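J.: Just protein31.cif, nothing more (mmCIF, C-alpha atoms):
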data_query
#
loop_
_atom_site.group_PDB
_atom_site.id
_atom_site.type_symbol
_atom_site.label_atom_id
_atom_site.label_comp_id
_atom_site.auth_asym_id
_atom_site.auth_seq_id
_atom_site.Cartn_x
_atom_site.Cartn_y
_atom_site.Cartn_z
ATOM 1 C CA MET A 1 25.685 -7.884 0.935
ATOM 2 C CA ILE A 2 23.487 -8.712 3.947
ATOM 3 C CA GLU A 3 23.375 -6.011 6.576
ATOM 4 C CA GLY A 4 23.101 -6.692 10.303
ATOM 5 C CA SER A 5 20.709 -5.400 12.936
ATOM 6 C CA GLU A 6 21.350 -3.500 16.126
ATOM 7 C CA ASP A 7 20.696 -5.061 19.531
ATOM 8 C CA ILE A 8 17.538 -3.686 21.062
ATOM 9 C CA GLY A 9 16.652 -4.473 24.653
ATOM 10 C CA LYS A 10 13.857 -2.030 25.337
ATOM 11 C CA GLN A 11 10.528 -1.241 23.720
ATOM 12 C CA LYS A 12 7.934 1.310 24.787
ATOM 13 C CA GLY A 13 9.838 1.945 28.015
ATOM 14 C CA THR A 14 9.757 -1.688 29.273
ATOM 15 C CA GLU A 15 12.423 -4.339 29.460
ATOM 16 C CA THR A 16 12.287 -6.955 26.704
ATOM 17 C CA ASP A 17 13.394 -10.527 27.393
ATOM 18 C CA MET A 18 16.255 -11.055 24.943
ATOM 19 C CA SER A 19 15.348 -14.766 24.671
ATOM 20 C CA GLU A 20 12.005 -13.785 23.112
ATOM 21 C CA ILE A 21 13.585 -11.730 20.331
ATOM 22 C CA ILE A 22 13.559 -13.580 16.996
ATOM 23 C CA PRO A 23 16.251 -12.880 14.370
ATOM 24 C CA ALA A 24 14.801 -12.751 10.866
ATOM 25 C CA VAL A 25 15.690 -12.076 7.251
ATOM 26 C CA TYR A 26 14.173 -8.850 5.961
ATOM 27 C CA VAL A 27 13.607 -8.603 2.188
ATOM 28 C CA HIS A 28 12.236 -5.568 0.365
ATOM 29 C CA MET A 29 10.740 -6.038 -3.120
ATOM 30 C CA GLU A 30 9.249 -3.625 -5.643
ATOM 31 C CA GLY A 31 7.503 -4.084 -8.975
ATOM 32 C CA PHE A 32 5.303 -2.480 -11.628
ATOM 33 C CA THR A 33 2.194 -4.662 -11.184
ATOM 34 C CA ALA A 34 0.877 -7.377 -8.872
ATOM 35 C CA PHE A 35 -2.095 -9.716 -9.037
ATOM 36 C CA PHE A 36 -3.100 -12.270 -6.392
ATOM 37 C CA ARG A 37 -5.930 -14.479 -7.623
ATOM 38 C CA ARG A 38 -8.821 -15.294 -5.345
ATOM 39 C CA THR A 39 -9.009 -19.031 -4.717
ATOM 40 C CA HIS A 40 -12.545 -19.607 -6.006
ATOM 41 C CA LEU A 41 -12.539 -17.132 -8.899
ATOM 42 C CA ILE A 42 -11.578 -18.765 -12.204
ATOM 43 C CA THR A 43 -13.671 -17.226 -14.988
ATOM 44 C CA GLY A 44 -15.093 -13.765 -15.653
ATOM 45 C CA ASN A 45 -13.672 -10.507 -14.326
ATOM 46 C CA GLN A 46 -10.573 -11.204 -12.244
ATOM 47 C CA ILE A 47 -10.469 -9.508 -8.833
ATOM 48 C CA THR A 48 -7.201 -9.445 -6.910
ATOM 49 C CA LEU A 49 -6.761 -10.118 -3.220
ATOM 50 C CA PRO A 50 -5.931 -7.001 -1.182
ATOM 51 C CA CYS A 51 -2.514 -8.518 -0.411
ATOM 52 C CA PRO A 52 -0.678 -11.785 -1.168
ATOM 53 C CA SER A 53 -1.777 -15.007 0.504
ATOM 54 C CA TYR A 54 0.705 -17.219 2.346
ATOM 55 C CA ALA A 55 0.553 -19.704 -0.532
ATOM 56 C CA ASN A 56 1.610 -16.847 -2.867
ATOM 57 C CA ILE A 57 4.567 -16.007 -0.643
ATOM 58 C CA LEU A 58 5.674 -19.636 -0.262
ATOM 59 C CA GLY A 59 5.670 -19.895 -4.069
ATOM 60 C CA LEU A 60 7.734 -16.710 -4.365
ATOM 61 C CA ILE A 61 10.295 -17.994 -1.838
ATOM 62 C CA SER A 62 10.425 -21.394 -3.556
ATOM 63 C CA ALA A 63 11.183 -19.746 -6.907
ATOM 64 C CA CYS A 64 14.093 -17.829 -5.392
ATOM 65 C CA THR A 65 15.511 -20.888 -3.583
ATOM 66 C CA ASP A 66 15.011 -23.330 -6.504
ATOM 67 C CA LYS A 67 13.327 -25.839 -4.182
ATOM 68 C CA THR A 68 9.952 -26.226 -2.531
ATOM 69 C CA VAL A 69 9.713 -24.227 0.687
ATOM 70 C CA CYS A 70 6.947 -25.465 2.980
ATOM 71 C CA PRO A 71 5.459 -24.158 6.257
ATOM 72 C CA ARG A 72 7.887 -26.065 8.483
ATOM 73 C CA ASP A 73 10.830 -24.322 6.846
ATOM 74 C CA THR A 74 10.047 -20.795 8.072
ATOM 75 C CA ARG A 75 7.532 -18.493 9.670
ATOM 76 C CA ILE A 76 6.453 -15.530 7.560
ATOM 77 C CA GLY A 77 5.534 -11.966 8.330
ATOM 78 C CA PHE A 78 4.876 -9.402 5.618
ATOM 79 C CA GLU A 79 3.573 -5.945 4.821
ATOM 80 C CA PHE A 80 2.217 -4.986 1.404
ATOM 81 C CA ARG A 81 1.890 -1.523 -0.158
ATOM 82 C CA HIS A 82 0.927 -0.096 -3.536
ATOM 83 C CA ALA A 83 0.652 3.272 -5.276
ATOM 84 C CA SER A 84 -2.791 2.562 -6.755
ATOM 85 C CA GLU A 85 -5.248 -0.128 -7.794
ATOM 86 C CA ASP A 86 -7.327 -0.296 -10.985
ATOM 87 C CA GLN A 87 -8.668 -2.543 -13.729
ATOM 88 C CA ASP A 88 -6.966 -3.404 -16.999
ATOM 89 C CA LEU A 89 -8.206 -5.029 -20.200
ATOM 90 C CA GLU A 90 -6.452 -8.267 -21.086
ATOM 91 C CA ARG A 91 -6.541 -10.494 -24.160
ATOM 92 C CA THR A 92 -6.888 -14.201 -23.389
ATOM 93 C CA GLN A 93 -6.215 -17.348 -25.392
ATOM 94 C CA ARG A 94 -9.442 -19.341 -25.463
ATOM 95 C CA LEU A 95 -9.295 -23.110 -25.890
ATOM 96 C CA ALA A 96 -11.935 -25.740 -26.586
ATOM 97 C CA LEU A 97 -11.853 -29.511 -26.171
ATOM 98 C CA LYS A 98 -12.230 -31.260 -29.543
ATOM 99 C CA ASN A 99 -11.584 -34.945 -30.159
ATOM 100 C CA GLU A 100 -10.053 -35.285 -26.693
ATOM 101 C CA SER A 101 -7.485 -32.552 -27.348
ATOM 102 C CA LEU A 102 -7.354 -28.805 -26.768
ATOM 103 C CA LYS A 103 -7.759 -26.603 -29.839
ATOM 104 C CA GLN A 104 -8.048 -22.872 -30.436
ATOM 105 C CA HIS A 105 -11.610 -21.682 -29.801
ATOM 106 C CA SER A 106 -13.593 -21.114 -32.993
ATOM 107 C CA GLU A 107 -14.549 -17.592 -31.864
ATOM 108 C CA GLY A 108 -10.939 -16.549 -31.372
ATOM 109 C CA LYS A 109 -9.363 -14.742 -28.446
ATOM 110 C CA GLY A 110 -11.274 -13.494 -25.427
ATOM 111 C CA LEU A 111 -11.234 -10.244 -23.481
ATOM 112 C CA LEU A 112 -11.521 -9.799 -19.723
ATOM 113 C CA ARG A 113 -11.051 -7.165 -17.056
ATOM 114 C CA ARG A 114 -8.352 -7.774 -14.467
ATOM 115 C CA GLN A 115 -7.961 -5.773 -11.281
ATOM 116 C CA MET A 116 -4.299 -5.148 -10.421
ATOM 117 C CA HIS A 117 -2.041 -3.399 -7.933
ATOM 118 C CA PHE A 118 0.275 -0.810 -9.479
ATOM 119 C CA ARG A 119 3.773 -0.015 -8.194
ATOM 120 C CA PRO A 120 3.546 -2.662 -5.444
ATOM 121 C CA GLN A 121 6.036 -3.049 -2.603
ATOM 122 C CA LEU A 122 6.442 -6.099 -0.375
ATOM 123 C CA ASP A 123 8.332 -6.295 2.907
ATOM 124 C CA LEU A 124 9.103 -9.900 3.893
ATOM 125 C CA TYR A 125 10.250 -11.154 7.303
ATOM 126 C CA LEU A 126 11.438 -14.793 7.399
ATOM 127 C CA THR A 127 12.625 -16.578 10.548
ATOM 128 C CA ASN A 128 14.834 -18.995 8.585
ATOM 129 C CA LEU A 129 18.133 -17.113 8.273
ATOM 130 C CA GLU A 130 19.436 -19.617 5.709
ATOM 131 C CA LEU A 131 17.005 -18.139 3.180
ATOM 132 C CA ALA A 132 18.946 -14.855 3.009
ATOM 133 C CA HIS A 133 21.281 -16.199 0.319
ATOM 134 C CA SER A 134 18.289 -17.103 -1.856
ATOM 135 C CA PHE A 135 17.377 -13.421 -2.141
ATOM 136 C CA THR A 136 20.881 -12.070 -2.675
ATOM 137 C CA ASN A 137 21.293 -14.666 -5.466
ATOM 138 C CA PRO A 138 17.771 -15.741 -6.530
ATOM 139 C CA ALA A 139 17.537 -18.862 -8.697
ATOM 140 C CA ALA A 140 14.605 -17.443 -10.703
ATOM 141 C CA PRO A 141 13.080 -13.995 -11.240
ATOM 142 C CA PRO A 142 10.721 -13.232 -8.325
ATOM 143 C CA CYS A 143 7.112 -12.421 -9.242
ATOM 144 C CA LEU A 144 4.268 -10.796 -7.330
ATOM 145 C CA GLY A 145 1.578 -13.124 -8.630
ATOM 146 C CA ARG A 146 1.706 -13.996 -12.335
ATOM 147 C CA SER A 147 4.878 -14.616 -14.337
ATOM 148 C CA GLN A 148 4.531 -11.174 -15.955
ATOM 149 C CA ASP A 149 4.336 -9.457 -12.544
ATOM 150 C CA LEU A 150 8.110 -9.320 -12.234
ATOM 151 C CA CYS A 151 9.670 -7.582 -9.265
ATOM 152 C CA TRP A 152 13.171 -6.710 -8.102
ATOM 153 C CA ILE A 153 14.847 -7.111 -4.714
ATOM 154 C CA THR A 154 16.288 -3.869 -3.358
ATOM 155 C CA LYS A 155 17.368 -4.853 0.150
ATOM 156 C CA VAL A 156 18.231 -7.954 2.205
ATOM 157 C CA GLU A 157 19.291 -7.662 5.844
ATOM 158 C CA ILE A 158 19.090 -9.409 9.215
ATOM 159 C CA VAL A 159 16.787 -7.748 11.733
ATOM 160 C CA ASP A 160 15.390 -8.483 15.198
ATOM 161 C CA LEU A 161 11.687 -9.158 15.740
ATOM 162 C CA ILE A 162 10.754 -7.866 19.202
ATOM 163 C CA PRO A 163 7.519 -9.237 20.768
ATOM 164 C CA ALA A 164 4.699 -6.730 21.239
ATOM 165 C CA LYS A 165 1.228 -7.036 22.717
ATOM 166 C CA SER A 166 -0.228 -4.281 20.542
ATOM 167 C CA GLY A 167 0.785 -1.822 17.859
ATOM 168 C CA ASN A 168 0.023 -0.290 14.488
ATOM 169 C CA ILE A 169 -0.111 -2.763 11.615
ATOM 170 C CA GLY A 170 -0.094 -2.282 7.845
ATOM 171 C CA SER A 171 -1.526 -4.309 4.961
ATOM 172 C CA THR A 172 -1.183 -8.022 5.715
ATOM 173 C CA MET A 173 -3.266 -11.187 6.105
ATOM 174 C CA ILE A 174 -4.214 -12.297 9.632
ATOM 175 C CA SER A 175 -5.696 -15.687 10.482
ATOM 176 C CA ASN A 176 -9.137 -15.628 12.088
ATOM 177 C CA ARG A 177 -7.725 -18.083 14.632
ATOM 178 C CA ILE A 178 -5.508 -15.300 15.993
ATOM 179 C CA VAL A 179 -7.624 -12.146 15.898
ATOM 180 C CA LYS A 180 -10.941 -12.477 17.727
ATOM 181 C CA THR A 181 -12.413 -9.123 16.745
ATOM 182 C CA ASN A 182 -13.086 -7.652 13.322
ATOM 183 C CA ILE A 183 -10.666 -5.019 12.072
ATOM 184 C CA PRO A 184 -11.077 -2.886 8.903
ATOM 185 C CA SER A 185 -10.365 -5.634 6.364
ATOM 186 C CA TYR A 186 -11.777 -8.081 3.833
ATOM 187 C CA ILE A 187 -12.734 -11.553 5.050
ATOM 188 C CA VAL A 188 -11.239 -14.027 2.560
ATOM 189 C CA ARG A 189 -10.993 -17.808 2.420
ATOM 190 C CA SER A 190 -7.589 -18.927 1.232
ATOM 191 C CA ALA A 191 -5.272 -21.939 1.160
ATOM 192 C CA GLU A 192 -2.155 -21.663 3.310
ATOM 193 C CA TRP A 193 -0.083 -23.923 1.064
ATOM 194 C CA PHE A 194 -0.237 -26.500 -1.728
ATOM 195 C CA ASN A 195 1.494 -29.874 -1.903
ATOM 196 C CA ASN A 196 2.892 -30.250 -5.423
ATOM 197 C CA ASP A 197 5.598 -32.918 -5.047
ATOM 198 C CA VAL A 198 4.039 -35.426 -7.475
ATOM 199 C CA THR A 199 4.267 -34.544 -11.171
ATOM 200 C CA GLY A 200 1.466 -35.452 -13.531
ATOM 201 C CA ILE A 201 -1.421 -34.926 -11.114
ATOM 202 C CA THR A 202 -3.222 -31.898 -9.709
ATOM 203 C CA ARG A 203 -1.545 -30.345 -6.682
ATOM 204 C CA LYS A 204 -3.146 -31.036 -3.316
ATOM 205 C CA VAL A 205 -4.559 -28.221 -1.225
ATOM 206 C CA GLY A 206 -3.094 -27.874 2.274
ATOM 207 C CA ALA A 207 -4.853 -26.138 5.151
ATOM 208 C CA VAL A 208 -7.656 -23.746 4.186
ATOM 209 C CA GLY A 209 -8.873 -21.016 6.504
ATOM 210 C CA PHE A 210 -10.495 -17.616 6.844
ATOM 211 C CA TYR A 211 -8.296 -14.532 6.991
ATOM 212 C CA GLN A 212 -8.724 -10.843 7.568
ATOM 213 C CA ALA A 213 -6.870 -9.202 4.678
ATOM 214 C CA ILE A 214 -6.018 -5.576 5.381
ATOM 215 C CA GLU A 215 -6.163 -3.458 2.239
ATOM 216 C CA PRO A 216 -3.174 -1.217 1.399
ATOM 217 C CA ASN A 217 -3.772 2.510 1.166
ATOM 218 C CA ASN A 218 -1.993 5.395 -0.496
ATOM 219 C CA ASP A 219 -1.243 7.373 2.682
ATOM 220 C CA ASN A 220 0.247 4.388 4.575
ATOM 221 C CA THR A 221 -2.334 4.666 7.362
ATOM 222 C CA ARG A 222 -1.897 1.852 9.876
ATOM 223 C CA ILE A 223 -4.438 0.087 12.118
ATOM 224 C CA ASN A 224 -3.991 -0.312 15.871
ATOM 225 C CA VAL A 225 -4.477 -3.937 16.961
ATOM 226 C CA THR A 226 -4.048 -5.978 20.137
ATOM 227 C CA MET A 227 -3.461 -9.716 19.646
ATOM 228 C CA ASP A 228 -0.885 -12.513 19.706
ATOM 229 C CA ASN A 229 2.046 -12.964 17.300
ATOM 230 C CA LEU A 230 2.810 -9.258 16.976
ATOM 231 C CA PHE A 231 6.441 -8.170 16.620
ATOM 232 C CA HIS A 232 8.231 -4.876 16.175
ATOM 233 C CA PRO A 233 10.989 -5.192 13.521
ATOM 234 C CA SER A 234 14.197 -3.403 14.507
ATOM 235 C CA ASN A 235 14.429 -1.801 11.032
ATOM 236 C CA LEU A 236 11.231 0.234 11.579
ATOM 237 C CA ALA A 237 11.826 3.684 13.060
ATOM 238 C CA ASN A 238 8.491 3.990 14.883
ATOM 239 C CA PRO A 239 8.417 1.672 17.953
ATOM 240 C CA GLU A 240 4.612 1.530 17.680
ATOM 241 C CA ASP A 241 4.770 -0.129 14.228
ATOM 242 C CA VAL A 242 4.400 -3.919 14.259
ATOM 243 C CA ILE A 243 3.964 -6.874 11.924
ATOM 244 C CA TYR A 244 2.000 -10.101 12.313
ATOM 245 C CA LEU A 245 4.193 -13.222 12.271
ATOM 246 C CA HIS A 246 2.013 -15.992 10.876
ATOM 247 C CA GLU A 247 1.409 -19.126 12.910
ATOM 248 C CA TRP A 248 0.840 -22.080 10.561
ATOM 249 C CA SER A 249 -2.094 -24.436 10.919
ATOM 250 C CA LYS A 250 -1.501 -27.977 12.130
ATOM 251 C CA PRO A 251 -0.558 -30.511 10.907
ATOM 252 C CA LEU A 252 2.344 -29.051 8.982
ATOM 253 C CA ILE A 253 3.793 -30.699 5.887
ATOM 254 C CA ARG A 254 7.382 -31.197 4.883
ATOM 255 C CA VAL A 255 8.069 -31.582 1.202
ATOM 256 C CA SER A 256 10.891 -33.865 0.115
ATOM 257 C CA LYS A 257 14.078 -32.037 -0.880
ATOM 258 C CA HIS A 258 14.598 -34.529 -3.699
ATOM 259 C CA ARG A 259 13.269 -33.976 -7.184
ATOM 260 C CA PRO A 260 9.494 -34.438 -7.554
ATOM 261 C CA ARG A 261 8.631 -38.078 -8.111
ATOM 262 C CA LYS A 262 6.660 -39.116 -11.177
ATOM 263 C CA MET A 263 3.187 -40.518 -10.999
ATOM 264 C CA LYS A 264 3.007 -44.286 -11.381
ATOM 265 C CA ARG A 265 0.877 -45.513 -14.248
#
Give the structure from this file in structure tokens form.

T.:
Amino acid sequence: MIEGSEDIGKQKGTETDMSEIIPAVYVHMEGFTAFFRRTHLITGNQITLPCPSYANILGLISACTDKTVCPRDTRIGFEFRHASEDQDLERTQRLALKNESLKQHSEGKGLLRRQMHFRPQLDLYLTNLELAHSFTNPAAPPCLGRSQDLCWITKVEIVDLIPAKSGNIGSTMISNRIVKTNIPSYIVRSAEWFNNDVTGITRKVGAVGFYQAIEPNNDNTRINVTMDNLFHPSNLANPEDVIYLHEWSKPLIRVSKHRPRKMKR
């Protein structure tokens, strides 16, 4: 069942233009673990991003909808939380190339350290209302990173996103094109999306940019910011709390809704 939102016409004692309010799908997810790989880190100890990238979230939405969701399909706002963060030891299957084929490595399995989020929570805000059904009846199990980082959906409802010039923001990823001053965060370079509509070849990287990734904390302390693309969701009790609604880079891509085409030989 998808719940509705209440009409809100005022914020912080000032009149809000109703035409500027954006209806959105709110989705709350929880899990046991989460891992968001850094783009340029492939081997060695695996360090997670402080919060999911927009490519991570597009992949999560695509899994639930059973089709590729691209930037033109929806704008995304999110807030990430966790109970703790630590490293874990993980066994890996090591392969070696022999006679033009992959074989088990002669020295057996490997061992690496992987940093992970524990008891993660993700609040999603999507401007495409048609996506609500995909979360009430997901086509595939949603994951917060790897396939073993399974999560469950606890709430889906329609809310209003009310424009704000400033407010208190939680853990999210903000484009350096939007925020002009440094806030307490990690500067990361990440892809916004990948184009993977041709089978048999490596996916193509979409726009790549620098982001300020705000790290989650245990006491839910928020950071006061003043910038564009801030909105107060009507489901948050504190009128000072806001989210950042991501503005995609140009040019945007639209992936075909048909099945992925095969590579010509």

J.: Could you spell out the hits of the PyMOL selection byres ((chain A and resi 23-31) around 6) on the shown file, as a PyMOL selection string?

T.: chain A and resi 22+32-33+119-127+129+151-160

J.: For each of A:Ser171, A:Ser185, A:Ser84, A:Asn218, take the minimum atom-to-atom distance to Asp241 in chain A, counting all atoms listed in the file, then give the residue where this is smallest.

T.: A:Ser171

J.: My list of candidates is A:Leu60, A:Arg222, A:Phe210, A:Arg81. Which is closest to Arg177 in chain A when distances are computed with all atoms listed in the file?

T.: A:Phe210

J.: What gap, in Å, lies between CA of Asn224 in chain A and CA of Ala207 in chain A?

T.: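 The value is 28.0 Å.
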
J.: My list of candidates is A:Pro163, A:Gly110, A:Gly145, A:Gly209. Which is closest to Leu245 in chain A when distances are computed with only C-alpha atoms?

T.: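 Among the listed residues, the smallest separation from Leu245 in chain A belongs to A:Pro163.
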
J.: I need the residue set behind the PyMOL selection byres ((chain A and resi 55) around 9) for this file; please write it as a PDB file with C-alpha atoms, in the coordinates of the input.

T.:
ATOM      1  CA  PRO A  52      -0.678 -11.785  -1.168  1.00  0.00           C
ATOM      2  CA  SER A  53      -1.777 -15.007   0.504  1.00  0.00           C
ATOM      3  CA  TYR A  54       0.705 -17.219   2.346  1.00  0.00           C
ATOM      4  CA  ASN A  56       1.610 -16.847  -2.867  1.00  0.00           C
ATOM      5  CA  ILE A  57       4.567 -16.007  -0.643  1.00  0.00           C
ATOM      6  CA  LEU A  58       5.674 -19.636  -0.262  1.00  0.00           C
ATOM      7  CA  GLY A  59       5.670 -19.895  -4.069  1.00  0.00           C
ATOM      8  CA  LEU A  60       7.734 -16.710  -4.365  1.00  0.00           C
ATOM      9  CA  SER A 190      -7.589 -18.927   1.232  1.00  0.00           C
ATOM     10  CA  ALA A 191      -5.272 -21.939   1.160  1.00  0.00           C
ATOM     11  CA  GLU A 192      -2.155 -21.663   3.310  1.00  0.00           C
ATOM     12  CA  TRP A 193      -0.083 -23.923   1.064  1.00  0.00           C
ATOM     13  CA  PHE A 194      -0.237 -26.500  -1.728  1.00  0.00           C
TER      14      PHE A 194
END

J.: Name the residues that the PyMOL selection byres ((chain A and resi 215) around 7) pulls out of this structure, and write them as a PDB file with C-alpha atoms, keeping the file's coordinate frame.

T.:
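Saved file selection38.pdb follows:
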ATOM      1  CA  PRO A  50      -5.931  -7.001  -1.182  1.00  0.00           C
ATOM      2  CA  CYS A  51      -2.514  -8.518  -0.411  1.00  0.00           C
ATOM      3  CA  SER A 171      -1.526  -4.309   4.961  1.00  0.00           C
ATOM      4  CA  SER A 185     -10.365  -5.634   6.364  1.00  0.00           C
ATOM      5  CA  ALA A 213      -6.870  -9.202   4.678  1.00  0.00           C
ATOM      6  CA  ILE A 214      -6.018  -5.576   5.381  1.00  0.00           C
ATOM      7  CA  PRO A 216      -3.174  -1.217   1.399  1.00  0.00           C
ATOM      8  CA  ASN A 217      -3.772   2.510   1.166  1.00  0.00           C
TER       9      ASN A 217
END

J.: Go through A:Leu102, A:Leu89, A:Leu131, A:Leu144 one by one, measure the shortest atom-to-atom distance of each to Arg75 in chain A using only C-alpha atoms, and give the residue with the smallest value.

T.: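 Closest to Arg75 in chain A, using only C-alpha atoms: A:Leu131.
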